[in-house]
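A.B. asks: Please see the structure below; I have some questions.
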Amino acid sequence: MFTRKPKFRPIDAVLILLCLAAGVYVAYRVKYGLEYRSDWGAIPQFLFHRDPATGRWVPNYLLQGLVTTLKLSFWATLPALGMGLVVALFRTSRNLFLRMVGRTYVELIRNLPPLVLIFIFYFFVIDQLMPLLGIEAFIRSRSIGAQTVLAILFAEKSLFVQFVSGVLTLAFFEGAYMAEIIRAGIESIERGQREAAYSLGLSWADEMRFVVLPQVVKRVLPALANEFINTIKYSAIASIVSIQELTFMGRQVVVATRYIFETWITVAALYMVLTLSLSLATGGLERTLRTSD
Amino acid sequence: MNKTEYDYIIEIENVSKTFTGGVEAVRDFSAKIRRQQVVVIMGPSGSGKSTLLRCLNGLETPDNGAIVVDGIPLDDDKHHRLEIRKEVGMVFQSFNLFPHLTVLENVNLAQMRVRKKDKAAATQRSTELLQMVGIADKVNAYPAQLSGGQQQRVAIARALAMAPKVMLFDEPTSALDPEMINEVLDVMKVLARSGMTMVVVTHEMGFAREVSDWVIFMDGGQIVETGTPECIFTNPQEERTQRFLSQIL
Ligand SMILES: Nc1ncnc2c1ncn2[C@@H]1O[C@H](COP(=O)(O)OP(=O)(O)O)[C@@H](O)[C@H]1O
Ligand SMILES: [Mg+2]
């Protein structure tokens, strides 16, 4: 691949100056126009604070929120992948009915605002699905040790049902995007591959399992990793149903302290650290996969 | 009906296939192929050779007509179709090896999944076949590490691993560099002499003369002329056959 050397032209200098000017103007408006007294010194205590009982430094609201965001996104990704695979198989099926079911799901999700979906689906899950699955009873009947492990992996007892509902809602939503990625992957496999599998007498399931999907995985892994980053971003809407992830915690801190800019900029920075490092890792993954060809 | 006494292994009766878009690729085509015969199909590009061949193992479904393979009708019945897919091997112009599997895994796969052999038995058979096609030293290579001629020979071994009763070849040497054509044709000649029933779409006259029992010349989805290779090549009756042969010679 050929790369062009970056060249600094006069127009770039003008652009940089314009950006700086805009930044200064915004800062000026914030300082004098808003009569906003900033106090960055107040923020670190919301990241870490000293536990009064033990005297040790422990994560406070914002870092706790970041961890919840990560857990929420991670656990949502697994069922979303399963759902995405099934729906992608539906969408590439020869069966018209299955194709229609898959299509309906994907179109429904992709053409509604996520916020509206989360309201509908979350309350359905928490109201109908959770009692049906008996999650509440399950968690209460665990031993203390098991509850601690579950609290570390998912959420503590009092928030458990809520957390799992949030995970399922996000998974239901992300499943549609995963499905489209996997479908594109399946459709990108050369026709000859499937014709060869067919000619050898392989069943549909074996054709998928041994011929198509192994090749699909390699092609779509970077896109799926990228979708995980999207999941982290979408997970912010779970704050609306009181799941205590990063955005929710940010709002709590703002309400309590009124440090609007400091808090939200910190929250943004925390998201950035997470998504940017994942994005760099994805880039690395993409390069490794490409060189292994 | 006793299968082994059944004279014709493939019967094609009045088969037609029109693609969406209106191209009539195969028109009212009939032919019967005996066991152990080697049939070569020739004809200009677009004359329906591939479509006809693909109808024979169910990769395409004819609009009209009937196809019977080894006494089994190729119809909507899933079991019939599966039976026929197992008995009919196919070799493609573009090899279509599975790129993520090694040579050995390519040849083992259908034996293990379809014929339900265990790995040791499959590997033994694969090794024999790969030896036969001259790839014994490359069993653990991936297809991308092989030349085109080697890939096509692996593809032949892969199809043979199913122990098919008929082998279909769709222009198996058209995608190859000239210096590799013979290594593939040689394998096919050995196969033909071993008594395998073969239907081969090819323009390789030497191969047709040497091992084929008869040649079908096709144009516009129909048989223009058919006969022994001697008849067709030395004394073609139809003007279209003459024109085509003068072009490829
Ligand atoms: N999948 C398809 N859809 C539409 N038209 C097709 C398709 N496959 C082949 N055809 C058309 O059918 C005709 C015969 O094609 P083919 O059987 O591939 O001929 P040959 O193998 O003799 O070159 C051609 O006109 C081709 O364009
Ligand atoms: Mg063709």
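A note on labels: chains of the structure tokens are A, B, ... as shown, every chain counts residues from 1, and ligands are counted from 1 in their shown order.
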Neighbours of Pro73 (chain B) within 12 Å (only C-alpha atoms; same-chain residues fewer than 2 positions away dropped), as a list in words?
C.D. replies: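 Residues meeting the cut-off are Ile9, Ile10, Glu11, Ile12, Glu13, Leu56, Asn57, Gly58, Gly65, Ala66, Ile67, Val68, Val69, Asp70, Gly71, Asp75, Asp76, Asp77, Lys78, His79, His80, Arg81, Leu82, Glu83 and Ile84 of chain B.
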A.B. asks: Export, as a CSV table (one decimal), in the first residue's frame, the selected residues with N, CA, C and O atoms.
C.D. replies:
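After the write, selection29.csv holds the following:
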```csv
chain,number,residue,atom,x,y,z
B,9,ILE,N,-26.0,-44.8,-16.2
B,9,ILE,CA,-25.8,-44.3,-14.9
B,9,ILE,C,-26.4,-42.9,-14.9
B,9,ILE,O,-26.9,-42.4,-13.8
B,10,ILE,N,-26.5,-42.2,-16.0
B,10,ILE,CA,-27.1,-40.9,-16.0
B,10,ILE,C,-28.1,-40.9,-17.2
B,10,ILE,O,-27.7,-41.2,-18.3
B,11,GLU,N,-29.3,-40.5,-16.9
B,11,GLU,CA,-30.3,-40.3,-18.0
B,11,GLU,C,-30.8,-38.9,-17.9
B,11,GLU,O,-31.3,-38.4,-16.9
B,12,ILE,N,-30.7,-38.2,-19.0
B,12,ILE,CA,-31.2,-36.8,-19.1
B,12,ILE,C,-32.3,-36.8,-20.2
B,12,ILE,O,-32.0,-37.2,-21.3
B,13,GLU,N,-33.4,-36.4,-19.8
B,13,GLU,CA,-34.6,-36.4,-20.7
B,13,GLU,C,-35.2,-35.0,-20.8
B,13,GLU,O,-35.8,-34.5,-19.9
B,56,LEU,N,-26.9,-31.8,-13.3
B,56,LEU,CA,-26.7,-33.2,-13.0
B,56,LEU,C,-26.5,-33.5,-11.5
B,56,LEU,O,-26.7,-34.6,-11.1
B,57,ASN,N,-26.0,-32.6,-10.7
B,57,ASN,CA,-25.9,-32.9,-9.3
B,57,ASN,C,-26.8,-32.0,-8.5
B,57,ASN,O,-26.6,-31.9,-7.2
B,58,GLY,N,-27.7,-31.3,-9.1
B,58,GLY,CA,-28.7,-30.5,-8.4
B,58,GLY,C,-28.2,-29.1,-8.0
B,58,GLY,O,-28.9,-28.4,-7.3
B,65,GLY,N,-38.3,-31.4,-17.7
B,65,GLY,CA,-37.5,-32.6,-18.0
B,65,GLY,C,-37.1,-33.4,-16.8
B,65,GLY,O,-37.5,-33.0,-15.7
B,66,ALA,N,-36.5,-34.5,-17.0
B,66,ALA,CA,-36.1,-35.4,-15.9
B,66,ALA,C,-34.7,-35.8,-16.0
B,66,ALA,O,-34.1,-36.0,-17.0
B,67,ILE,N,-34.1,-36.0,-14.8
B,67,ILE,CA,-32.7,-36.5,-14.7
B,67,ILE,C,-32.7,-37.6,-13.7
B,67,ILE,O,-33.3,-37.5,-12.6
B,68,VAL,N,-32.2,-38.8,-14.1
B,68,VAL,CA,-32.1,-39.9,-13.2
B,68,VAL,C,-30.6,-40.3,-13.1
B,68,VAL,O,-29.9,-40.4,-14.1
B,69,VAL,N,-30.1,-40.4,-11.9
B,69,VAL,CA,-28.7,-40.7,-11.7
B,69,VAL,C,-28.7,-42.1,-10.9
B,69,VAL,O,-29.2,-42.1,-9.8
B,70,ASP,N,-28.1,-43.0,-11.5
B,70,ASP,CA,-27.9,-44.3,-10.9
B,70,ASP,C,-29.3,-44.9,-10.4
B,70,ASP,O,-29.4,-45.4,-9.3
B,71,GLY,N,-30.3,-44.6,-11.2
B,71,GLY,CA,-31.6,-45.1,-10.8
B,71,GLY,C,-32.4,-44.2,-9.9
B,71,GLY,O,-33.5,-44.5,-9.6
B,75,ASP,N,-35.3,-35.2,-8.0
B,75,ASP,CA,-36.5,-34.4,-7.8
B,75,ASP,C,-36.4,-33.6,-6.5
B,75,ASP,O,-35.4,-33.3,-6.0
B,76,ASP,N,-37.6,-33.2,-6.0
B,76,ASP,CA,-37.6,-32.4,-4.8
B,76,ASP,C,-37.3,-33.2,-3.5
B,76,ASP,O,-37.1,-32.6,-2.5
B,77,ASP,N,-37.3,-34.5,-3.6
B,77,ASP,CA,-37.1,-35.3,-2.5
B,77,ASP,C,-35.7,-35.1,-1.9
B,77,ASP,O,-34.7,-35.4,-2.6
B,78,LYS,N,-35.6,-34.7,-0.7
B,78,LYS,CA,-34.3,-34.4,-0.1
B,78,LYS,C,-33.4,-35.6,-0.1
B,78,LYS,O,-32.2,-35.4,-0.3
B,79,HIS,N,-33.9,-36.7,0.2
B,79,HIS,CA,-33.1,-37.9,0.3
B,79,HIS,C,-32.5,-38.3,-1.0
B,79,HIS,O,-31.4,-38.7,-1.1
B,80,HIS,N,-33.3,-38.2,-2.1
B,80,HIS,CA,-32.8,-38.4,-3.4
B,80,HIS,C,-31.7,-37.5,-3.7
B,80,HIS,O,-30.6,-37.9,-4.2
B,81,ARG,N,-31.9,-36.2,-3.4
B,81,ARG,CA,-30.9,-35.2,-3.7
B,81,ARG,C,-29.6,-35.5,-3.0
B,81,ARG,O,-28.5,-35.4,-3.6
B,82,LEU,N,-29.7,-35.8,-1.7
B,82,LEU,CA,-28.5,-36.1,-0.9
B,82,LEU,C,-27.8,-37.3,-1.5
B,82,LEU,O,-26.6,-37.3,-1.6
B,83,GLU,N,-28.6,-38.4,-1.8
B,83,GLU,CA,-28.0,-39.6,-2.4
B,83,GLU,C,-27.2,-39.2,-3.6
B,83,GLU,O,-26.0,-39.7,-3.8
B,84,ILE,N,-27.8,-38.4,-4.5
B,84,ILE,CA,-27.1,-38.1,-5.7
B,84,ILE,C,-25.9,-37.2,-5.5
B,84,ILE,O,-24.8,-37.4,-6.1
```
A.B. asks: Residues of chain B within 6 Å of chain A: nearest atom pair and distance (Å, one decimal) for each, counting only C-alpha atoms, sorted by chain and number, as a Markdown table?
C.D. replies:
```
| residue | atom | partner | partner_atom | distance |
| --- | --- | --- | --- | --- |
| B:Arg85 | CA | A:Gly201 | CA | 5.0 |
| B:Lys86 | CA | A:Gly201 | CA | 5.1 |
| B:Asn96 | CA | A:Gln193 | CA | 5.6 |
```
A.B. asks: Go through the chains and note each residue within 12 Å of ligand 1, using only C-alpha atoms and all ligand atoms, then give the set as a count of residues only.
C.D. replies: 49
A.B. asks: Using DSSP on the backbone coordinates, identify the residues of region 5-231 of chain B assigned to strand (DSSP E); present them as a PyMOL selection string.
C.D. replies: chain B and resi 8-18+24-34+38-42+64-69+72-73+88-91+166-170+197-201+214-219+222-227
A.B. asks: Which residue gives the smallest distance to ligand 2 among B:Pro99, B:Gly89, B:Glu238, B:Thr173, with only C-alpha atoms and all ligand atoms counted?
C.D. replies: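 For ligand 2, the nearest of the candidates is B:Thr173.
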A.B. asks: Which residues are near Ala157 (chain B)? Cut-off 9 Å, only C-alpha atoms, ignore same chain within fewer than 3 positions. Put them as a list in words.
C.D. replies: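 Within the cut-off, the hits are Val107, Ser126, Leu129, Leu130, Met132, Val133, Gln152, Arg153, Val154, Leu160 and Ala161 of chain B.
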A.B. asks: Would you kindly return, as a list in words, each protein, DNA or RNA residue with an atom no farther than 10 Å from any atom of Val167 (chain A), considering only C-alpha atoms and excluding same-chain residues fewer than 4 positions away?
C.D. replies: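 Skipping anything fewer than 4 positions along the chain leaves Lys71, Leu72, Ser73, Phe74, Trp75, Ala76, Thr77, Leu78, Pro79, Ala80, Tyr122, Phe154, Val161, Gln162, Phe163, Ala171, Phe172, Phe173, Ser235, Ala238 and Ile243 of chain A.
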A.B. asks: Can you work out which one of B:Leu104, B:Ile156, B:Ile248, B:Ala175 has the shortest atom-to-atom distance to ligand 2, counting only C-alpha atoms and all ligand atoms?
C.D. replies: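 Checking each candidate against ligand 2, we get B:Ala175 as the closest.
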A.B. asks: Which residue out of A:Leu85, A:Ala256, A:Ala13, A:Ala53 has the minimum interatomic distance to Val220 (chain A) when only C-alpha atoms are used?
C.D. replies: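 Smallest distance to Val220 (chain A) is found for A:Leu85.
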A.B. asks: Show me, as a ChimeraX atom specification, the residues that have an atom within 12 Å of region 41-43 of chain A when counting only C-alpha atoms, minus same-chain residues fewer than 6 positions from it.
C.D. replies: /A:49,60-63,250,253-254,256-267
A.B. asks: Leaving out region 177-180 of chain B and any residue of its chain fewer than 6 positions from it, which residues lie within 12 Å of it when counting only C-alpha atoms, given as JSON, numbers by chain?
C.D. replies: {"B": [146, 147, 148, 149, 150, 151, 152, 153, 186, 187, 204]}
A.B. asks: Report the residues of region 39-73 of chain A whose backbone DSSP state falls under alpha helix (DSSP H), written as a VMD selection string.
C.D. replies: chain A and resid 44 to 47 61 to 73
